[in-house]
Amino acid sequence: MDAIHTYSFLFHFCLVAALAFPLLSFVLSFYISEKYSWITSVLASFLLLLGTLASAVVLYQAWNHPPFAYRLEWFSLAGYSFSAGVYINNISALMLFIVTGVSFLVHLYSVGYMAGDAGIQRYFAMLGFFTFAMQGIVVSGNLLMTFVFWELVGFSSYMLIGHWHEIPAAAEASKRAFIINRVGDAGFLVGLMIVWAHGHSFDIAALQHMPVDPTWMTLASLGIFCGIVGKSAQFPLFTWLPDAMVGPTPVSALIHAATMVAAGVFLLARVHFLFTVPALHIVAVVGCITALLGAVSALAQHDIKKILAYSTLSQLGLMVVALGAGSPQAALLHLFTHAFFKACLFLAAGAVIHSLHQAQHQSHVHFDVQDIRNLGGLEKKLPFTFLIFVISGSALAGLPLTSGFLSKDAILTALVQWHGEGFSWKLLILAAVALVSFLTVVYTFRMIWKIFKGSETATAQLHISEPPAVMRAPMAVLAGVSLWIWFSWNPFNFYGWMYTNIGEAKPFHSGMVSIASAIWVILALGVAYVTRQVTVGSPLLLNAFYFDRLLKQFVEKPILQLAALTHHADKKWIDGFLHATAYAQLIVAHLTGWFDRAIVDGLVDGVAGAAKGLGSFTRSFQGGKIQLYIFWATFAIIIFIIWTLL
Amino acid sequence: MEHLAEQLSSIKASFILLGPELVLSTGIVVLVILGLIKKIQKTTLTAMSALTFVVAIAVSLALSRSMAQESAALFGGMLRRDSFSSYLGLLIDISGLLTVAMTWRRQQLQRALSEYYALLITITLGAHLLVMSVNLLMVFLSLEMVSLSSYVLAGFAFSRKGTEGSMKYFLFGSVSSAAMLYGFSLLYGLTGTLDFSLGEFTRPLIDHPSPLFFIAAFLGLAGFLYKMAAAPLHPWAPDVYEAAPMPVIAFFAVVPKLAGLGVLTRFTLALYAYGQSSFDWQFVLSLVAMLSLTVGNFSALWQKNAKRLMGYSSIAQSGFLLVGVAAFVPQGIHYMLFYASAYVVMNFLVFLYLQYFESLGCTTLESFAGSGKILVWPAVFLLVGFVALTGLPPTGGFTGKLFIFSSLWDAYQLSGKGVLLWLMVFGLLNTVVSLFYYLRIPFYAFVRSGEINAKPNYLTFENLLGLILVLGVLYLFFNPGLLMGWINKINFVL
């Protein structure tokens with residue numbers, strides 16, 4: 001590693017290309033005529049493949065080299081210049097590759113999954129745009145730029161959740177996701193303002209040397225954390241994520257499992273240095289609550305995608321706990337592994353849904369294919385999907401020999417290290433995380449068992465076939481990447497090439513934790529097998545403690561009311577205000593008129609009356625008699641003179 | 001013989017410094033002669049008078065540049081050309097030019113156009129002479145020159161009402177002239193000199209103050225107040241304004257007012273004698289200003305006719321201008337000149353569009369209803385003009401008022417006289433009051449719905465001129481420094 005590393009032209013080119021291809025895909029989607037809309041899907045996938053290759057080059061070139069920073073003056077305001085910049089280090093290069101790669105696989109999968117959809121062009125356009133926006137967050141070296149892309153990601157997510165906007169639930173869910181994310185972003189913006197007020201810079205590299213005022217930094221970091229809570233669906237702004245499952249399944253795989261929700265965690269890792277100790281404690285507690293909430297709720301769900309959504313919640317919670325515990329590496333490792341296996345799980349779930357839909361279509365039988373109570377015994381009919389499900393499910397459950405085991409191990413290790421000696425509330429968090437990983441095994445097992453084992457119920461009569469190769473291939477790739485080998489040579493030691501290079505890793509590894517974790521998971525598996533027939537019928541858990549109603553009542557409704565109110569105000573109040581001012585003006589004019597008549601005229605009348613019945617003169621004063629004018633003028637002059645002289 | 005030769009050479013030298021006035025005189029003669037030609041085009045007359053003003057402005061500028069800061073006594077102390085009088089003369093010429101521009105649009109309607117223009121220029125000439133006068137006799141002569149022409153011009157609508165207004169103007173003017181002349185004669189008797197810029201004029205007044213002197217001076221002042229349409233010699237204004245043609249009102253609202261203001265400033269400063277006078281002229285002027293403001297603004301509130309409303313507005317504006325003089329600090333006079341300049345611009349802006357709307361049949365306030373929706377830009381420009389007259393940002397009217405009141409505040413800090421504080425309070429209150437009637441026309445135009453028969457055609461001369469004036473008004477707000485820098489060079493000495 002040389003101190004001054006100059007990046008080659010190839011690096012620059014590939015960096016631009018990696019970002020340009022998804023954007024190009026977005027733009028080109030509009031230029032392909034409706035008739036040949038299938039071209040869009042193929043072209044978009046191809047462009048994303050190129051983008052993936054380019055980002056692979058970026059990763060290769062930037063890996064273990066000094067960070068690449070490029071800064072451009074964006075605009076200047078009142079003497080302060082705002083820059084836009086790119087900052088590539090190991091983390092962002094890796095994240096860039098993963099985002100682009102997973103996006104490519106999802107594109108490829110969508111070619112099969114979305115075939116024949118009416119809005120296919122819009123779908124691929126937004127998918128490309130989303131990828132670009134997400135890449136923007138990843139490579140941005142500047143918080144302001146991050147915020148811009150952050151919002152773009154929010155927007156494209158809104159578009160994709162509401163892809164089937166003719167379904168009321170989808171429209172509703174997209175609106176909900178948008179609104180709830182805005183709530184978090186408001187906090188983010190406040191945090192950014194505080195950061196600006198203190199550091200006069202948004203540059204992440206420059207902010208590291210910012211003078212620190214603990215109180216303000218705590219506030220700023222909590223503000224930024226608000227944005228992360230919204231985007232990464234943390235407690236209490238998590239309800240949009242399960243609802244967002246009404247979107248196309250590949251979208252769920254890409255956005256609501258692998259990348260977008262990960263943006264929050266990624267940003268948190270990136271600006272981790274801003275967070276003060278009290279802020280980190282809050283982060284840890286919030287993460288812990290989310291993890292527990294997600295895991296418990298996942299137990300009671302019947303919808304495949306809902307189960308996966310709640311498991312995403314709980315996994316994101318785990319990452320946030322790790323960040324709160326001061327171990328961004330562990331969080332990032334879990335983020336990367338999770339990106340693969342969760343995308344894979346979603347794609348596999350999508351494969352089940354797709355196959356069943358196709359079968360339903362042929363036999364005209366209708367039932368909810370996403371409800372696991374209707375499923376069972378699909379092992380025979382969908383052996384490939386079953387295999388994929390088992391591998392990626394094991395990774396989610398954190399079984400040994402999977403990537404999930406490694407990253408969960410890293411998180412647990414970080415927590416063990418963090419809670420320190422003796423008893424403190426941190427121990428509770430550790431216990432909660434252990435419980436979460438236990439529950440994860442249980443609900444994952446339960447889900448797979450219900451879908452593939454047992455006897456067929458509603459599906460018995462259907463002729464079900466495996467999805468096409470274009471869908472199977474991405475699943476296979478992602479399942480492959482869910483194995484331990486890609487992250488560390490030793491399946492029981494997360495200290496692989498990745499973990500050691502994504503941050504200043506603390507040389508702390510406890511074989512004890514690994515072994516305990518392995519035993520714990522196996523135990524959980526046993527429990528899951530024993531209790532496989534038990535259904536958790538709690539409506540409380542099914543509805544995730546009714547948090548959605550709470551949010552609906554206290555966040556969504558007020559915001560929608562506010563929107564209606566501003567709309568109303570726009571229409572009525574402004575007019576009303578104009579009327580009111582007009583009336584006020586008239587009233588004042590009447591008052592002054594009255595004053596004019598009663599006081600001013602009255603005074604004149606009085607003076608006139610006193611001056612030997614000049615009343616008729618006074619009336620004609622307003623009638624315009626010149627004699628009277630002259631009289632008054634002379635009178636006034638005399639009064640003046642007398643007044644001044646006396 | 002030598003004495004005579006000396007006088008002749010002095011007269012010759014005076015003539016050179018009298019350039020703008022000579023130009024105006026030539027213009028009058030040429031216009032009267034042109035009027036004799038039967039088939040003369042009306043446009044030719046307009047062009048000729050415009051030319052006169054343009055040349056007068058050019059000569060004024062050239063003269064003030066060559067004269068720099070000195071002040072010169074002309075014709076043996078009859079007149080004094082200094083930067084103060086040059087500046088006011090320039091404002092008056094510009095007002096004349098704008099009046100010609102306004103008249104151009106309605107020249108076909110105007111009978112006896114050559115006389116009209118000749119009278120216009122005569123008033124201008126009189127105003128020029130008035131602001132230069134330092135001799136009581138010369139003051140009287142030039143004031144009458146303005147007045148007599150004004151009486152005639154006021155009746156140039158050739159209507160019953162116009163004649164009536166003109167007659168009233170004349171009668172009222174005669175009385176105030178008489179009062180003024182009486183005052184002057186008393187002053188001459190008391191001081192033995194007619195030149196009020198001399199030490200001999202003020203010394204006896206300081207040494208032997210007598211109530212008679214105050215009476216005399218106040219009577220003299222009455223003539224100027226009449227010219228300015230300031231209370232208590234204001235009653236003629238609304239009647240005359242109501243009856244005269246629109247360009248003439250616009251002209252009356254500015255030129256005699258500025259001329260009266262100029263001579264009043266000189267005269268009161270002489271009377272004030274740097275505070276050595278035993279009479280409190282500051283008190284008198286403050287009182288006059290307060291009275292004008294109150295009478296003008298409060299009476300305007302209930303007017304239904306746009307022209308009459310502007311008549312009362314003009315009275316109130318005299319009050320504001322007098323505030324600058326009443327401060328009796330050099331900066332106050334500078335600020336008064338700034339306000340006067342802004343007043344010229346905004347006054348013509350308002351009258352230009354009032355004339356435009358009058359040609360569409362809008363004479364009463366109610367008849368403006370709905371015009372803002374059809375004639376958007378004229379109504380908006382008119383609004384800007386009214387906003388400026390009210391003295392709200394972002395217009396030059398605001399800056400001018402701000403300046404004037406800040407100098408008043410300074411004067412109050414210096415002297416601690418309660419009456420100045422009262423004037424301040426009155427002025428600010430009246431600004432609020434004026435908001436209600438100034439914005440009534442825009443209120444009708446934009447808020448009330450109504451029918452107006454007009455096709456919006458924005459590419460007219462009015463709108464071009466209006467745009468220039470709007471830009472001028474806005475410019476005076478955003479960059480008052482340029483004009484203020486020029487005004488600050490004016491060195492005011494008696």
# chains A, B, ... in the order shown; residues from 1 in each chain; ligands from 1
>>> residues_around(residues="region 338-343 of chain A", least_positions_apart="2", cutoff="10 Å", atoms="only C-alpha atoms", output="JSON, numbers by chain")
{"A": [95, 98, 99, 101, 102, 103, 105, 106, 249, 250, 251, 252, 253, 254, 255, 256, 257, 258, 259, 261, 262, 308, 309, 311, 312, 315, 316, 319, 332, 333, 334, 335, 336, 345, 346, 347, 348, 349, 388, 389, 391, 392, 393, 394, 395, 396, 402, 403, 404, 407, 408, 474, 475, 477, 478, 479, 480, 481, 482, 483]}
>>> closest_atom_pairs(of="chain B", to="chain A", cutoff="10 Å", atoms="only C-alpha atoms", output="tab-separated table")
residue	atom	partner	partner_atom	distance
B:Glu164	CA	A:Ile626	CA	9.8
B:Gly165	CA	A:Ile626	CA	9.5
B:Met167	CA	A:Ile626	CA	8.9
B:Lys168	CA	A:Ile626	CA	5.7
B:Tyr169	CA	A:Ile626	CA	8.6
B:Phe170	CA	A:Ile626	CA	9.9
B:Leu171	CA	A:Ile626	CA	7.5
B:Phe172	CA	A:Ile630	CA	6.1
B:Gly173	CA	A:Ile630	CA	9.4
B:Val175	CA	A:Ile630	CA	7.3
B:Ser176	CA	A:Ile630	CA	8.5
B:Ala179	CA	A:Thr634	CA	9.1
B:Ser210	CA	A:Leu645	CA	9.9
B:Pro211	CA	A:Leu645	CA	6.8
B:Leu212	CA	A:Leu645	CA	9.8
B:Phe214	CA	A:Ile641	CA	7.7
B:Ile215	CA	A:Ile641	CA	6.4
B:Ala216	CA	A:Ile641	CA	9.9
B:Phe218	CA	A:Ile641	CA	7.4
B:Leu219	CA	A:Ile637	CA	7.8
B:Ala222	CA	A:Ile637	CA	7.8
B:Tyr226	CA	A:Ala633	CA	9.6
B:Ala231	CA	A:Ala633	CA	8.2
B:Pro232	CA	A:Ala633	CA	5.5
B:Leu233	CA	A:Ala633	CA	5.4
B:His234	CA	A:Ala633	CA	7.9
B:Pro235	CA	A:Tyr629	CA	5.8
B:Trp236	CA	A:Tyr629	CA	7.3
B:Pro238	CA	A:Gly624	CA	9.4
B:Asp239	CA	A:Gly624	CA	7.3
B:Phe279	CA	A:Leu645	CA	8.2
B:Asp280	CA	A:Thr644	CA	8.0
B:Trp281	CA	A:Thr644	CA	9.2
B:Phe283	CA	A:Thr644	CA	8.2
B:Val284	CA	A:Thr644	CA	7.3
B:Leu287	CA	A:Phe640	CA	8.9
B:Val288	CA	A:Phe640	CA	9.1
B:Val295	CA	A:Val600	CA	9.4
B:Phe298	CA	A:Asp596	CA	6.9
B:Ser299	CA	A:Asp596	CA	7.5
B:Leu301	CA	A:Ala589	CA	7.0
B:Trp302	CA	A:Gly593	CA	6.5
B:Val433	CA	A:Thr592	CA	8.7
B:Leu435	CA	A:Gln585	CA	9.6
B:Phe436	CA	A:Gln585	CA	6.8
B:Tyr437	CA	A:Ala589	CA	8.3
B:Leu439	CA	A:Gln585	CA	9.6
B:Arg440	CA	A:Gln585	CA	8.9
B:Phe443	CA	A:Ala582	CA	7.8
B:Tyr444	CA	A:Ala582	CA	9.9
B:Val447	CA	A:Leu578	CA	8.1
B:Arg448	CA	A:Ala582	CA	9.5
>>> write_last_selection(atoms="C-alpha atoms", output="PDB file, in the first residue's frame")
ATOM      1  CA  GLU B 164     -65.626  76.576 -11.808  1.00  0.00           C
ATOM      2  CA  GLY B 165     -62.438  74.974 -10.524  1.00  0.00           C
ATOM      3  CA  MET B 167     -62.344  80.305 -10.895  1.00  0.00           C
ATOM      4  CA  LYS B 168     -62.019  78.982  -7.386  1.00  0.00           C
ATOM      5  CA  TYR B 169     -58.339  78.534  -7.870  1.00  0.00           C
ATOM      6  CA  PHE B 170     -58.040  82.078  -9.066  1.00  0.00           C
ATOM      7  CA  LEU B 171     -60.033  83.579  -6.233  1.00  0.00           C
ATOM      8  CA  PHE B 172     -58.283  81.610  -3.583  1.00  0.00           C
ATOM      9  CA  GLY B 173     -54.935  82.337  -5.186  1.00  0.00           C
ATOM     10  CA  VAL B 175     -56.444  86.137  -1.606  1.00  0.00           C
ATOM     11  CA  SER B 176     -53.336  84.278  -0.623  1.00  0.00           C
ATOM     12  CA  ALA B 179     -51.908  88.109   2.067  1.00  0.00           C
ATOM     13  CA  SER B 210     -41.660  92.044  17.359  1.00  0.00           C
ATOM     14  CA  PRO B 211     -44.958  90.157  16.946  1.00  0.00           C
ATOM     15  CA  LEU B 212     -45.541  92.168  13.819  1.00  0.00           C
ATOM     16  CA  PHE B 214     -44.010  87.124  12.941  1.00  0.00           C
ATOM     17  CA  ILE B 215     -47.339  88.109  11.450  1.00  0.00           C
ATOM     18  CA  ALA B 216     -45.635  89.488   8.379  1.00  0.00           C
ATOM     19  CA  PHE B 218     -46.325  84.094   8.394  1.00  0.00           C
ATOM     20  CA  LEU B 219     -48.455  85.914   5.870  1.00  0.00           C
ATOM     21  CA  ALA B 222     -49.013  81.587   3.480  1.00  0.00           C
ATOM     22  CA  TYR B 226     -50.873  77.952  -0.962  1.00  0.00           C
ATOM     23  CA  ALA B 231     -52.848  73.202   5.123  1.00  0.00           C
ATOM     24  CA  PRO B 232     -54.349  75.567   6.027  1.00  0.00           C
ATOM     25  CA  LEU B 233     -54.267  76.922   2.478  1.00  0.00           C
ATOM     26  CA  HIS B 234     -55.284  73.688   0.874  1.00  0.00           C
ATOM     27  CA  PRO B 235     -59.045  73.828   0.222  1.00  0.00           C
ATOM     28  CA  TRP B 236     -58.675  74.698  -3.436  1.00  0.00           C
ATOM     29  CA  PRO B 238     -59.541  68.862  -4.448  1.00  0.00           C
ATOM     30  CA  ASP B 239     -61.867  71.068  -6.505  1.00  0.00           C
ATOM     31  CA  PHE B 279     -39.781  82.796  16.966  1.00  0.00           C
ATOM     32  CA  ASP B 280     -40.020  79.074  16.797  1.00  0.00           C
ATOM     33  CA  TRP B 281     -40.299  78.464  13.082  1.00  0.00           C
ATOM     34  CA  PHE B 283     -42.826  74.668  15.645  1.00  0.00           C
ATOM     35  CA  VAL B 284     -44.784  76.494  12.943  1.00  0.00           C
ATOM     36  CA  LEU B 287     -47.684  72.281  12.926  1.00  0.00           C
ATOM     37  CA  VAL B 288     -48.310  72.983   9.270  1.00  0.00           C
ATOM     38  CA  VAL B 295     -56.351  66.938   6.704  1.00  0.00           C
ATOM     39  CA  PHE B 298     -58.317  61.766   6.678  1.00  0.00           C
ATOM     40  CA  SER B 299     -60.307  63.584   4.050  1.00  0.00           C
ATOM     41  CA  LEU B 301     -60.481  58.272   3.170  1.00  0.00           C
ATOM     42  CA  TRP B 302     -64.000  58.931   2.014  1.00  0.00           C
ATOM     43  CA  VAL B 433     -54.024  55.858   7.472  1.00  0.00           C
ATOM     44  CA  LEU B 435     -52.631  52.818   3.320  1.00  0.00           C
ATOM     45  CA  PHE B 436     -56.391  52.555   3.464  1.00  0.00           C
ATOM     46  CA  TYR B 437     -57.248  54.986   0.763  1.00  0.00           C
ATOM     47  CA  LEU B 439     -54.934  50.794  -1.734  1.00  0.00           C
ATOM     48  CA  ARG B 440     -58.611  51.214  -2.377  1.00  0.00           C
ATOM     49  CA  PHE B 443     -58.527  46.732  -3.962  1.00  0.00           C
ATOM     50  CA  TYR B 444     -61.351  47.403  -6.372  1.00  0.00           C
ATOM     51  CA  VAL B 447     -60.513  41.924  -5.465  1.00  0.00           C
ATOM     52  CA  ARG B 448     -63.897  43.160  -6.531  1.00  0.00           C
TER      53      ARG B 448
END
>>> select_by_dssp(residues="region 50-231 of chain A", states="alpha helix (DSSP H)", output="PyMOL selection string")
chain A and resi 50-62+90-113+120-139+143-161+168-199+204-207+214-231
>>> residues_around(residues="Ala273 (chain B)", least_positions_apart="3", cutoff="9 Å", atoms="only C-alpha atoms", output="PDB file with C-alpha atoms, in the first residue's frame")
ATOM      1  CA  THR B 202     -32.186  88.955   9.358  1.00  0.00           C
ATOM      2  CA  ARG B 203     -30.212  91.175  11.708  1.00  0.00           C
ATOM      3  CA  ILE B 206     -32.842  88.975  15.599  1.00  0.00           C
ATOM      4  CA  THR B 268     -37.791  79.798   6.375  1.00  0.00           C
ATOM      5  CA  LEU B 269     -34.081  79.183   6.661  1.00  0.00           C
ATOM      6  CA  ALA B 270     -33.576  82.932   6.429  1.00  0.00           C
ATOM      7  CA  GLN B 276     -31.156  82.715  16.465  1.00  0.00           C
ATOM      8  CA  SER B 277     -34.670  83.782  15.655  1.00  0.00           C
TER       9      SER B 277
END
>>> residues_around(residues="Phe104 (chain A)", least_positions_apart="3", cutoff="8 Å", atoms="only C-alpha atoms", output="list in words")
Ser45, Leu48, Leu49, Thr52, Thr100, Gly101, His107 and Leu108 of chain A
>>> atom_distance(atom1="CA of Gly427 (chain B)", atom2="CA of Thr399 (chain B)")
14.6 Å
>>> atom_distance(atom1="CA of Leu465 (chain B)", atom2="CA of Leu61 (chain B)")
22.2 Å
>>> closest_residue(among="B:Gln282, B:Met132, B:Met145, B:Phe368", to="Ser415 (chain B)", atoms="only C-alpha atoms")
B:Gln282
>>> select_by_dssp(residues="region 59-231 of chain B", states="strand (DSSP E or B)", output="ChimeraX atom specification")
/B:72-74,79-81,133,135,195
>>> write_last_selection(atoms="C-alpha atoms", output="PDB file, in the first residue's frame")
ATOM      1  CA  ALA B  72     -23.918  82.848  -8.224  1.00  0.00           C
ATOM      2  CA  ALA B  73     -26.073  85.877  -7.690  1.00  0.00           C
ATOM      3  CA  LEU B  74     -27.824  87.000 -10.855  1.00  0.00           C
ATOM      4  CA  LEU B  79     -31.910  85.476  -8.350  1.00  0.00           C
ATOM      5  CA  ARG B  80     -29.425  82.980  -7.066  1.00  0.00           C
ATOM      6  CA  ARG B  81     -28.328  79.978  -9.031  1.00  0.00           C
ATOM      7  CA  SER B 133     -35.461  83.896  -6.108  1.00  0.00           C
ATOM      8  CA  ASN B 135     -35.607  88.776  -3.475  1.00  0.00           C
ATOM      9  CA  ASP B 195     -33.260  90.500  -0.355  1.00  0.00           C
TER      10      ASP B 195
END
>>> residues_around(residues="Val470 (chain B)", least_positions_apart="2", cutoff="12 Å", atoms="only C-alpha atoms", output="ChimeraX atom specification")
/B:342,344-350,352-353,377-378,380-388,394-397,462-468,472-477
>>> write_last_selection(atoms="N, CA and C atoms", output="short mmCIF file (atom, residue, chain, number, x, y, z; two decimals), in the first residue's frame")
data_model
loop_
_atom_site.label_atom_id
_atom_site.label_comp_id
_atom_site.auth_asym_id
_atom_site.auth_seq_id
_atom_site.Cartn_x
_atom_site.Cartn_y
_atom_site.Cartn_z
N ALA B 342 -38.29 61.06 -5.59
CA ALA B 342 -39.10 59.85 -5.61
C ALA B 342 -40.56 60.20 -5.85
N VAL B 344 -41.76 62.69 -7.55
CA VAL B 344 -41.98 62.98 -8.97
C VAL B 344 -42.27 61.68 -9.71
N VAL B 345 -41.42 60.69 -9.48
CA VAL B 345 -41.55 59.44 -10.22
C VAL B 345 -42.86 58.75 -9.89
N MET B 346 -43.15 58.62 -8.59
CA MET B 346 -44.33 57.84 -8.25
C MET B 346 -45.61 58.59 -8.58
N ASN B 347 -45.57 59.90 -8.45
CA ASN B 347 -46.73 60.71 -8.77
C ASN B 347 -47.10 60.55 -10.24
N PHE B 348 -46.09 60.64 -11.09
CA PHE B 348 -46.39 60.50 -12.52
C PHE B 348 -46.81 59.09 -12.87
N LEU B 349 -46.24 58.12 -12.18
CA LEU B 349 -46.63 56.73 -12.41
C LEU B 349 -48.13 56.56 -12.14
N VAL B 350 -48.56 57.09 -11.01
CA VAL B 350 -49.98 56.95 -10.65
C VAL B 350 -50.86 57.71 -11.63
N LEU B 352 -50.24 58.66 -14.66
CA LEU B 352 -50.19 58.07 -16.00
C LEU B 352 -51.26 56.99 -16.13
N TYR B 353 -51.35 56.12 -15.11
CA TYR B 353 -52.31 55.04 -15.21
C TYR B 353 -53.72 55.49 -14.86
N TRP B 377 -51.28 44.22 -16.26
CA TRP B 377 -50.06 45.00 -16.04
C TRP B 377 -50.35 46.45 -15.68
N PRO B 378 -51.25 47.12 -16.39
CA PRO B 378 -51.54 48.50 -15.95
C PRO B 378 -51.97 48.53 -14.49
N VAL B 380 -51.24 46.43 -12.15
CA VAL B 380 -50.10 46.13 -11.28
C VAL B 380 -49.20 47.35 -11.14
N PHE B 381 -48.98 48.03 -12.26
CA PHE B 381 -48.11 49.22 -12.21
C PHE B 381 -48.75 50.29 -11.35
N LEU B 382 -50.07 50.44 -11.51
CA LEU B 382 -50.77 51.42 -10.69
C LEU B 382 -50.62 51.06 -9.21
N LEU B 383 -50.72 49.76 -8.95
CA LEU B 383 -50.54 49.30 -7.57
C LEU B 383 -49.17 49.69 -7.04
N VAL B 384 -48.15 49.49 -7.89
CA VAL B 384 -46.79 49.85 -7.47
C VAL B 384 -46.73 51.34 -7.13
N GLY B 385 -47.37 52.14 -8.00
CA GLY B 385 -47.38 53.57 -7.75
C GLY B 385 -48.04 53.91 -6.43
N PHE B 386 -49.17 53.29 -6.15
CA PHE B 386 -49.87 53.58 -4.89
C PHE B 386 -49.06 53.08 -3.69
N VAL B 387 -48.46 51.92 -3.87
CA VAL B 387 -47.63 51.40 -2.78
C VAL B 387 -46.50 52.38 -2.49
N ALA B 388 -45.94 52.95 -3.56
CA ALA B 388 -44.86 53.91 -3.38
C ALA B 388 -45.37 55.16 -2.66
N PRO B 394 -41.20 47.50 -1.61
CA PRO B 394 -39.85 47.87 -2.04
C PRO B 394 -39.88 49.05 -3.01
N THR B 395 -40.22 50.20 -2.56
CA THR B 395 -40.32 51.33 -3.48
C THR B 395 -39.51 52.50 -2.94
N GLY B 396 -39.25 53.44 -3.85
CA GLY B 396 -38.51 54.62 -3.46
C GLY B 396 -39.27 55.45 -2.43
N GLY B 397 -40.60 55.35 -2.44
CA GLY B 397 -41.41 56.08 -1.47
C GLY B 397 -41.04 55.69 -0.04
N GLU B 462 -47.98 54.01 -22.96
CA GLU B 462 -48.20 54.14 -21.52
C GLU B 462 -47.41 53.09 -20.76
N ASN B 463 -47.52 51.85 -21.26
CA ASN B 463 -46.88 50.78 -20.52
C ASN B 463 -45.37 50.88 -20.57
N LEU B 464 -44.85 51.37 -21.68
CA LEU B 464 -43.41 51.57 -21.76
C LEU B 464 -42.97 52.61 -20.74
N LEU B 465 -43.67 53.76 -20.79
CA LEU B 465 -43.34 54.82 -19.85
C LEU B 465 -43.57 54.35 -18.42
N GLY B 466 -44.70 53.63 -18.24
CA GLY B 466 -45.01 53.13 -16.91
C GLY B 466 -43.95 52.19 -16.41
N LEU B 467 -43.48 51.33 -17.31
CA LEU B 467 -42.44 50.38 -16.90
C LEU B 467 -41.19 51.12 -16.46
N ILE B 468 -40.84 52.15 -17.23
CA ILE B 468 -39.64 52.92 -16.87
C ILE B 468 -39.82 53.54 -15.49
N GLY B 472 -37.90 52.89 -12.11
CA GLY B 472 -37.30 54.01 -11.38
C GLY B 472 -37.66 53.94 -9.91
N VAL B 473 -38.94 53.72 -9.64
CA VAL B 473 -39.39 53.66 -8.25
C VAL B 473 -38.70 52.52 -7.51
N LEU B 474 -38.61 51.38 -8.17
CA LEU B 474 -37.97 50.23 -7.53
C LEU B 474 -36.48 50.48 -7.35
N TYR B 475 -35.89 51.12 -8.37
CA TYR B 475 -34.45 51.37 -8.30
C TYR B 475 -34.11 52.27 -7.11
N LEU B 476 -34.96 53.27 -6.89
CA LEU B 476 -34.70 54.17 -5.78
C LEU B 476 -34.76 53.44 -4.45
N PHE B 477 -35.46 52.32 -4.43
CA PHE B 477 -35.46 51.54 -3.20
C PHE B 477 -34.20 50.69 -3.09
#
>>> residues_around(residues="Ser517 (chain A)", least_positions_apart="2", cutoff="9 Å", atoms="only C-alpha atoms", output="MDAnalysis selection string")
chainID A and resid 398 400 405 408:409 412 434 512:515 519:522
>>> atom_distance(atom1="CA of Thr581 (chain A)", atom2="CA of Leu309 (chain B)")
21.6 Å
